[in-house]
file input.csv (CSV, C-alpha atoms)
chain,number,residue,atom,x,y,z
A,1,MET,CA,-25.9,56.9,-13.2
A,2,ASN,CA,-25.7,55.5,-16.7
A,3,GLY,CA,-22.4,56.2,-18.5
A,4,ASP,CA,-24.1,55.6,-21.9
A,5,ASP,CA,-27.8,55.8,-22.9
A,6,SER,CA,-27.4,52.5,-24.9
A,7,SER,CA,-26.0,50.4,-22.1
A,8,PHE,CA,-26.8,49.6,-18.5
A,9,GLU,CA,-24.3,50.5,-15.8
A,10,GLN,CA,-25.1,50.9,-12.1
A,11,CYS,CA,-23.5,50.6,-8.7
A,12,TYR,CA,-25.1,48.8,-5.8
A,13,ARG,CA,-24.3,47.7,-2.3
A,14,CYS,CA,-23.9,43.9,-2.3
A,15,TYR,CA,-25.0,41.2,0.2
A,16,PRO,CA,-25.1,37.4,0.1
A,17,VAL,CA,-28.3,35.6,-1.0
A,18,SER,CA,-28.5,34.0,2.5
A,19,PHE,CA,-29.7,37.4,3.8
A,20,ILE,CA,-33.0,37.0,1.9
A,21,GLU,CA,-33.4,33.2,2.7
A,22,LYS,CA,-32.5,32.1,-0.8
A,23,ALA,CA,-29.4,29.9,0.0
A,24,HIS,CA,-30.3,27.6,-2.9
A,25,LEU,CA,-29.0,30.3,-5.3
A,26,GLU,CA,-25.5,29.3,-4.1
A,27,LYS,CA,-25.6,26.5,-6.7
A,28,GLY,CA,-25.3,28.9,-9.6
A,29,ASP,CA,-24.2,32.4,-10.8
A,30,LYS,CA,-27.6,34.1,-10.7
A,31,ILE,CA,-28.0,37.4,-8.8
A,32,ILE,CA,-31.1,39.3,-7.6
A,33,MET,CA,-31.4,43.0,-8.7
A,34,PRO,CA,-33.9,45.8,-7.8
A,35,PRO,CA,-37.0,46.4,-10.0
A,36,SER,CA,-35.6,49.7,-11.2
A,37,ALA,CA,-32.9,47.8,-13.0
A,38,LEU,CA,-35.5,45.8,-14.9
A,39,ASN,CA,-37.2,49.0,-16.1
A,40,ARG,CA,-34.0,50.5,-17.3
A,41,LEU,CA,-33.0,47.2,-19.2
A,42,ALA,CA,-36.4,47.0,-20.8
A,43,SER,CA,-36.1,50.5,-22.2
A,44,LEU,CA,-32.7,49.6,-23.7
A,45,HIS,CA,-34.1,46.6,-25.5
A,46,ILE,CA,-31.4,44.4,-24.1
A,47,GLU,CA,-31.1,40.9,-25.7
A,48,TYR,CA,-31.9,37.8,-23.7
A,49,PRO,CA,-30.4,36.1,-21.8
A,50,MET,CA,-29.3,39.1,-19.8
A,51,LEU,CA,-25.6,38.8,-18.9
A,52,PHE,CA,-23.7,41.2,-16.7
A,53,GLN,CA,-20.1,42.1,-15.8
A,54,LEU,CA,-19.5,42.6,-12.1
A,55,SER,CA,-16.5,44.7,-11.0
A,56,ASN,CA,-14.8,45.4,-7.7
A,57,VAL,CA,-13.0,48.6,-8.7
A,58,SER,CA,-11.0,48.8,-5.4
A,59,VAL,CA,-9.1,45.6,-6.1
A,60,GLU,CA,-9.7,45.5,-9.9
A,61,LYS,CA,-11.4,42.1,-10.0
A,62,THR,CA,-14.0,41.2,-12.5
A,63,THR,CA,-16.4,38.4,-13.2
A,64,HIS,CA,-19.6,37.7,-15.1
A,65,CYS,CA,-23.1,36.4,-14.2
A,66,GLY,CA,-26.8,36.2,-15.1
A,67,VAL,CA,-29.9,37.5,-13.3
A,68,LEU,CA,-32.6,35.4,-11.7
A,69,GLU,CA,-35.2,38.0,-10.6
A,70,PHE,CA,-35.7,41.7,-9.8
A,71,THR,CA,-37.0,41.7,-6.3
A,72,ALA,CA,-34.2,43.2,-4.3
A,73,ASP,CA,-34.6,46.5,-2.4
A,74,GLU,CA,-33.6,49.6,-4.2
A,75,GLY,CA,-29.9,50.3,-4.1
A,76,LEU,CA,-29.1,46.7,-3.1
A,77,VAL,CA,-28.1,43.6,-5.0
A,78,PHE,CA,-27.8,40.0,-3.7
A,79,LEU,CA,-25.3,37.4,-5.1
A,80,PRO,CA,-23.9,34.0,-4.2
A,81,TYR,CA,-21.3,34.1,-1.5
A,82,TRP,CA,-18.7,32.3,-3.5
A,83,MET,CA,-18.9,35.1,-6.1
A,84,MET,CA,-18.3,37.6,-3.3
A,85,GLN,CA,-15.2,35.6,-2.3
A,86,ASN,CA,-13.8,35.6,-5.8
A,87,MET,CA,-14.1,39.4,-6.0
A,88,SER,CA,-12.9,40.0,-2.4
A,89,LEU,CA,-16.1,41.7,-1.5
A,90,GLN,CA,-17.5,42.1,2.0
A,91,GLU,CA,-21.1,42.7,3.1
A,92,GLY,CA,-22.2,46.2,2.1
A,93,ASP,CA,-19.3,46.9,-0.3
A,94,ILE,CA,-19.9,48.8,-3.5
A,95,LEU,CA,-20.3,46.7,-6.6
A,96,GLN,CA,-20.4,48.0,-10.2
A,97,ILE,CA,-22.8,46.1,-12.6
A,98,LYS,CA,-22.8,46.5,-16.4
A,99,ASN,CA,-24.7,44.6,-19.0
A,100,ILE,CA,-22.5,42.7,-21.6
A,101,SER,CA,-22.9,40.3,-24.5
A,102,LEU,CA,-20.7,37.1,-24.4
A,103,VAL,CA,-19.9,34.5,-27.1
A,104,LYS,CA,-20.9,30.9,-26.7
A,105,GLY,CA,-18.2,28.8,-25.3
A,106,THR,CA,-16.7,25.7,-27.1
A,107,TYR,CA,-14.1,24.6,-24.6
A,108,ILE,CA,-13.4,25.0,-20.9
A,109,LYS,CA,-10.7,23.5,-18.7
A,110,LEU,CA,-11.4,23.0,-15.0
A,111,GLN,CA,-9.1,22.2,-12.1
A,112,PRO,CA,-10.5,20.7,-8.8
A,113,HIS,CA,-9.0,21.9,-5.6
A,114,THR,CA,-8.8,18.4,-4.2
A,115,GLN,CA,-8.5,14.9,-5.6
A,116,ASP,CA,-11.6,13.6,-3.8
A,117,PHE,CA,-13.8,15.3,-6.5
A,118,LEU,CA,-12.3,12.9,-9.1
A,119,ASP,CA,-13.1,10.0,-6.8
A,120,ILE,CA,-16.8,10.6,-7.4
A,121,SER,CA,-18.3,7.8,-9.5
A,122,ASN,CA,-19.0,10.1,-12.5
A,123,PRO,CA,-17.6,13.6,-11.9
A,124,LYS,CA,-18.4,14.9,-15.4
A,125,ALA,CA,-22.1,14.0,-15.1
A,126,ILE,CA,-22.2,15.8,-11.7
A,127,LEU,CA,-20.5,18.8,-13.2
A,128,GLU,CA,-22.8,18.9,-16.2
A,129,THR,CA,-25.8,18.9,-13.9
A,130,THR,CA,-24.3,21.7,-11.8
A,131,LEU,CA,-23.4,23.9,-14.8
A,132,ARG,CA,-27.0,24.0,-15.9
A,133,SER,CA,-27.5,26.6,-13.1
A,134,TYR,CA,-24.7,28.8,-14.6
A,135,SER,CA,-25.0,31.4,-17.4
A,136,CYS,CA,-21.4,32.0,-18.1
A,137,LEU,CA,-17.8,31.2,-17.0
A,138,THR,CA,-14.8,33.5,-16.6
A,139,THR,CA,-11.2,32.4,-16.6
A,140,GLY,CA,-9.7,32.8,-13.2
A,141,ASP,CA,-12.9,32.2,-11.3
A,142,THR,CA,-13.5,29.5,-8.7
A,143,ILE,CA,-17.0,27.9,-8.9
A,144,MET,CA,-18.6,25.7,-6.2
A,145,VAL,CA,-20.1,22.3,-7.0
A,146,PRO,CA,-22.2,20.9,-4.1
A,147,TYR,CA,-22.6,17.1,-4.0
A,148,ASN,CA,-23.6,14.6,-1.3
A,149,ASN,CA,-23.6,17.3,1.4
A,150,LYS,CA,-20.1,18.4,0.5
A,151,LYS,CA,-18.8,21.5,-1.4
A,152,TYR,CA,-16.2,21.0,-4.1
A,153,PHE,CA,-14.4,24.1,-5.4
A,154,ILE,CA,-13.1,24.1,-9.0
A,155,ASN,CA,-11.0,26.7,-10.8
A,156,VAL,CA,-11.8,27.8,-14.3
A,157,VAL,CA,-8.3,27.5,-15.9
A,158,GLU,CA,-9.1,28.1,-19.5
A,159,ALA,CA,-12.1,29.1,-21.7
A,160,LYS,CA,-12.4,29.3,-25.5
A,161,PRO,CA,-13.0,31.2,-27.8
A,162,SER,CA,-12.8,34.0,-25.2
A,163,SER,CA,-11.7,34.4,-21.5
A,164,ALA,CA,-15.4,34.8,-20.6
A,165,VAL,CA,-18.0,32.7,-22.4
A,166,SER,CA,-21.7,32.0,-22.3
A,167,ILE,CA,-22.6,28.3,-21.6
A,168,ILE,CA,-26.4,28.7,-22.1
A,169,GLU,CA,-27.8,26.2,-24.7
A,170,THR,CA,-24.3,25.3,-26.1
A,171,ASP,CA,-22.3,22.2,-26.6
A,172,CYS,CA,-19.1,22.8,-24.7
A,173,GLU,CA,-16.1,20.4,-24.3
A,174,VAL,CA,-15.0,20.1,-20.7
A,175,ASP,CA,-11.5,19.0,-19.7
A,176,PHE,CA,-9.9,18.5,-16.3
A,177,ALA,CA,-6.4,19.6,-15.1
A,178,PRO,CA,-4.7,17.7,-12.3
A,179,PRO,CA,-6.1,18.7,-8.8
A,180,LEU,CA,-4.2,21.3,-6.8
A,181,ASP,CA,-3.2,18.7,-4.1
A,182,TYR,CA,-2.1,16.1,-6.7
A,183,LYS,CA,1.4,14.8,-6.2
A,184,GLU,CA,3.3,12.8,-8.8
A,185,PRO,CA,4.3,9.3,-7.6
A,186,GLU,CA,7.9,9.0,-6.6
A,187,LYS,CA,10.1,7.6,-9.3
A,188,LEU,CA,11.9,4.4,-8.5
A,189,PRO,CA,15.7,4.5,-8.6
A,190,LYS,CA,17.1,3.2,-11.8
A,191,LEU,CA,18.9,-0.1,-11.6
A,192,THR,CA,22.6,0.4,-12.3
A,193,PRO,CA,24.0,-2.1,-14.8
A,194,SER,CA,26.4,-4.6,-13.4
A,195,LYS,CA,30.1,-3.9,-14.1
A,196,LYS,CA,30.9,-7.6,-14.2
A,197,ARG,CA,32.0,-9.1,-17.4
A,198,PRO,CA,29.6,-11.7,-19.0
A,199,LEU,CA,32.1,-14.6,-18.3
A,200,GLU,CA,32.2,-13.8,-14.6
A,201,VAL,CA,28.4,-13.7,-14.5
A,202,GLU,CA,28.1,-17.0,-16.2
A,203,GLU,CA,30.7,-18.6,-13.9
A,204,GLU,CA,28.7,-17.4,-10.9
A,205,GLU,CA,25.5,-18.8,-12.3
A,206,GLU,CA,27.2,-22.2,-12.9
A,207,GLU,CA,28.5,-22.3,-9.4
A,208,ALA,CA,25.0,-21.4,-8.0
A,209,ASN,CA,23.4,-24.1,-10.2
A,210,LYS,CA,25.9,-26.8,-9.1
A,211,VAL,CA,24.5,-29.6,-7.1
A,212,PRO,CA,26.8,-31.2,-4.5
A,213,LYS,CA,27.9,-34.7,-5.7
A,214,PHE,CA,27.1,-37.7,-3.6
A,215,THR,CA,30.1,-39.2,-1.9
A,216,PRO,CA,29.5,-42.6,-0.2
A,217,PHE,CA,30.9,-43.7,3.2
A,218,THR,CA,31.4,-40.2,4.4
A,219,GLY,CA,29.4,-40.7,7.7
A,220,SER,CA,30.8,-41.7,11.0
A,221,GLY,CA,31.4,-45.4,11.7
A,222,LYS,CA,29.9,-47.4,14.6
A,223,ARG,CA,31.2,-50.4,16.5
A,224,LEU,CA,29.2,-53.7,16.6
A,225,ASP,CA,29.7,-54.1,20.3
A,226,GLY,CA,28.1,-50.7,21.0
A,227,LYS,CA,31.2,-49.2,22.5
A,228,PRO,CA,32.0,-45.6,21.5
A,229,GLN,CA,34.5,-45.3,18.6
A,230,THR,CA,37.8,-43.9,19.7
A,231,LYS,CA,39.2,-41.5,17.2
A,232,PRO,CA,43.0,-41.1,17.0
A,233,THR,CA,44.2,-37.8,18.3
A,234,GLU,CA,46.1,-35.3,16.2
A,235,GLU,CA,49.3,-36.1,18.1
A,236,GLU,CA,49.0,-39.8,17.4
A,237,GLU,CA,48.4,-39.2,13.7
A,238,GLU,CA,51.4,-37.1,13.5
A,239,ASP,CA,53.5,-39.8,15.3
A,240,THR,CA,52.4,-42.5,12.9
A,241,LYS,CA,53.2,-40.2,10.0
A,242,GLN,CA,56.7,-39.6,11.4
A,243,GLU,CA,57.3,-43.3,11.9
A,244,GLU,CA,56.2,-44.1,8.3
A,245,ASN,CA,58.5,-41.3,7.0
A,246,GLY,CA,61.4,-42.7,9.1
A,247,LYS,CA,60.9,-46.2,7.6
A,248,ASP,CA,60.9,-44.8,4.1
A,249,ASP,CA,64.2,-43.0,4.8
A,250,GLU,CA,65.8,-46.3,6.1
A,251,LYS,CA,64.8,-48.1,3.0
A,252,LEU,CA,66.2,-45.4,0.8
A,253,SER,CA,69.4,-45.4,2.8
A,254,SER,CA,69.8,-49.2,2.6
A,255,THR,CA,69.3,-49.3,-1.1
A,256,THR,CA,71.6,-46.5,-1.9
A,257,PRO,CA,75.3,-47.0,-1.0
A,258,ARG,CA,77.0,-44.5,1.0
A,259,GLN,CA,79.0,-42.0,-0.9
A,260,LYS,CA,82.3,-40.5,0.0
A,261,PRO,CA,82.1,-37.0,1.3
A,262,GLY,CA,82.8,-34.2,-1.1
A,263,LYS,CA,81.4,-36.1,-4.1
A,264,LEU,CA,78.2,-35.6,-6.1
A,265,VAL,CA,76.4,-38.7,-7.4
A,266,PHE,CA,73.5,-38.3,-9.9
A,267,GLY,CA,70.9,-41.1,-9.8
A,268,SER,CA,69.9,-43.4,-7.0
A,269,ASN,CA,72.4,-46.2,-8.0
A,270,SER,CA,76.1,-45.6,-8.1
A,271,LYS,CA,78.4,-47.5,-10.5
A,272,PRO,CA,79.7,-50.8,-9.1
A,273,ALA,CA,83.4,-51.0,-8.2
A,274,ALA,CA,85.7,-52.5,-10.9
A,275,LYS,CA,86.4,-56.2,-10.4
A,276,GLU,CA,89.9,-57.2,-9.6
A,277,THR,CA,91.7,-59.1,-12.5
A,278,VAL,CA,92.8,-62.6,-11.4
A,279,LYS,CA,95.4,-64.5,-13.4
A,280,VAL,CA,94.5,-68.1,-14.2
A,281,ASP,CA,96.8,-70.9,-15.3
A,282,PRO,CA,95.5,-72.5,-18.5
A,283,LYS,CA,96.7,-75.9,-17.4
A,284,ASN,CA,94.5,-75.8,-14.3
A,285,ILE,CA,91.5,-74.8,-16.5
A,286,VAL,CA,92.0,-77.9,-18.7
A,287,GLN,CA,92.2,-80.2,-15.7
A,288,GLU,CA,89.2,-78.8,-14.0
A,289,THR,CA,87.2,-79.0,-17.2
A,290,SER,CA,88.2,-82.6,-17.7
A,291,THR,CA,87.3,-83.7,-14.2
A,292,LYS,CA,83.9,-82.0,-14.5
A,293,SER,CA,83.2,-83.7,-17.8
A,294,GLU,CA,84.1,-87.1,-16.3
A,295,ASP,CA,81.8,-86.5,-13.3
A,296,ALA,CA,79.0,-85.5,-15.6
A,297,LYS,CA,79.1,-88.9,-17.5
A,298,PHE,CA,76.3,-91.4,-16.6
A,299,GLN,CA,77.5,-94.4,-14.5
A,300,VAL,CA,75.4,-97.6,-14.4
A,301,PHE,CA,74.4,-99.2,-11.0
A,302,THR,CA,76.0,-96.6,-9.0
A,303,GLY,CA,73.0,-96.1,-6.6
A,304,LYS,CA,72.5,-97.6,-3.1
A,305,LYS,CA,71.7,-101.3,-2.5
A,306,TYR,CA,68.5,-102.5,-0.8
A,307,SER,CA,67.6,-106.0,0.3
A,308,LEU,CA,64.2,-107.6,-0.5
A,309,LYS,CA,64.0,-109.3,2.8
A,310,GLY,CA,63.9,-106.1,4.5
call {"tool": "encode", "arguments": {"input": "input.csv", "output": "structure tokens"}}
result
Amino acid sequence: MNGDDSSFEQCYRCYPVSFIEKAHLEKGDKIIMPPSALNRLASLHIEYPMLFQLSNVSVEKTTHCGVLEFTADEGLVFLPYWMMQNMSLQEGDILQIKNISLVKGTYIKLQPHTQDFLDISNPKAILETTLRSYSCLTTGDTIMVPYNNKKYFINVVEAKPSSAVSIIETDCEVDFAPPLDYKEPEKLPKLTPSKKRPLEVEEEEEEANKVPKFTPFTGSGKRLDGKPQTKPTEEEEEDTKQEENGKDDEKLSSTTPRQKPGKLVFGSNSKPAAKETVKVDPKNIVQETSTKSEDAKFQVFTGKKYSLKG
């Protein structure tokens, strides 16, 4: 059933490699074909390495692979189970196989399904070792990387210079995309700037930095005789204040003369009343002055007498 005499194209029923006890082939993309396929390929002088395009026509899915050996029963082909999953194939489904030539890849971008693959000590080294079992990679495929009794599934996100490239004996740059279950860390809320003015902020800082001053003799007093100190009650303090205020009022009332009702007086002291004018006889003034001047004259031996006899 060859569409063209210069190419190989054949349909087979597919089964997983575990059916022929070759589960180790799950670690790559190699398939097992019947001997008749080898005879046909040899007659066409197909270039090595032999690469094939696998197609599930019912769902229009395509991938690419290499061949390991030609030991399968006629009409059958065996391939890794992860390849059957990529192409939505069930056991015994019809698979179309066609030989193809692919360019060597220079760049591939991979995306792990889970973050734990990146937690491996050296994931690139593990991936490099695993890809040695692969012949080619196709954009959109999911490959399986077994490591430490665990299977890691990785998507082929991008390939250059073509969507399907050969990775046999080629230097290919490998890049990783964030895992499918990766979540970006939550962003912290931005701090809103304070609406206070700088002066208010400075005043608050000064108040916070103020140290309470030491004020002496602020404690409670104690009696020498050990008796409890009696504090005056609030009522007694009020009474003493009222008494003091009353005394002050009495002093003010005594110093300031009483004013007649209906009159305003500015100042604490009122003007003294005008003195009454007294008429004096000039003769009496002369006599008084003369008598006073005579009394003021010094008189000899006018004191008291004392006896020496006692």
call {"tool": "atom_distance", "arguments": {"input": "input.csv", "atom1": "CA of Glu91 (chain A)", "atom2": "CA of Ser18 (chain A)"}}
result
11.4 Å
call {"tool": "closest_residue", "arguments": {"input": "input.csv", "among": "A:Phe52, A:Tyr15, A:Phe153, A:Tyr182", "to": "Ile100 (chain A)", "atoms": "all atoms listed in the file"}}
result
A:Phe52
call {"tool": "residues_around", "arguments": {"input": "input.csv", "residues": "region 166-170 of chain A", "least_positions_apart": "6", "cutoff": "9 Å", "atoms": "all atoms listed in the file", "output": "VMD selection string"}}
result
chain A and resid 49 51 101 to 106 131 to 132 134 to 137
call {"tool": "closest_residue", "arguments": {"input": "input.csv", "among": "A:Phe176, A:Phe19, A:Phe8, A:Tyr48", "to": "Gly66 (chain A)", "atoms": "all atoms listed in the file"}}
result
A:Tyr48
call {"tool": "closest_residue", "arguments": {"input": "input.csv", "among": "A:Pro80, A:Val165, A:Arg40, A:Leu180", "to": "Glu21 (chain A)", "atoms": "only C-alpha atoms"}}
result
A:Pro80
call {"tool": "residues_near_point", "arguments": {"input": "input.csv", "point": "(-10.7, 47.7, -8.6)", "cutoff": "12 Å", "atoms": "all atoms listed in the file", "output": "PyMOL selection string"}}
result
chain A and resi 54-63+87-89+93-96
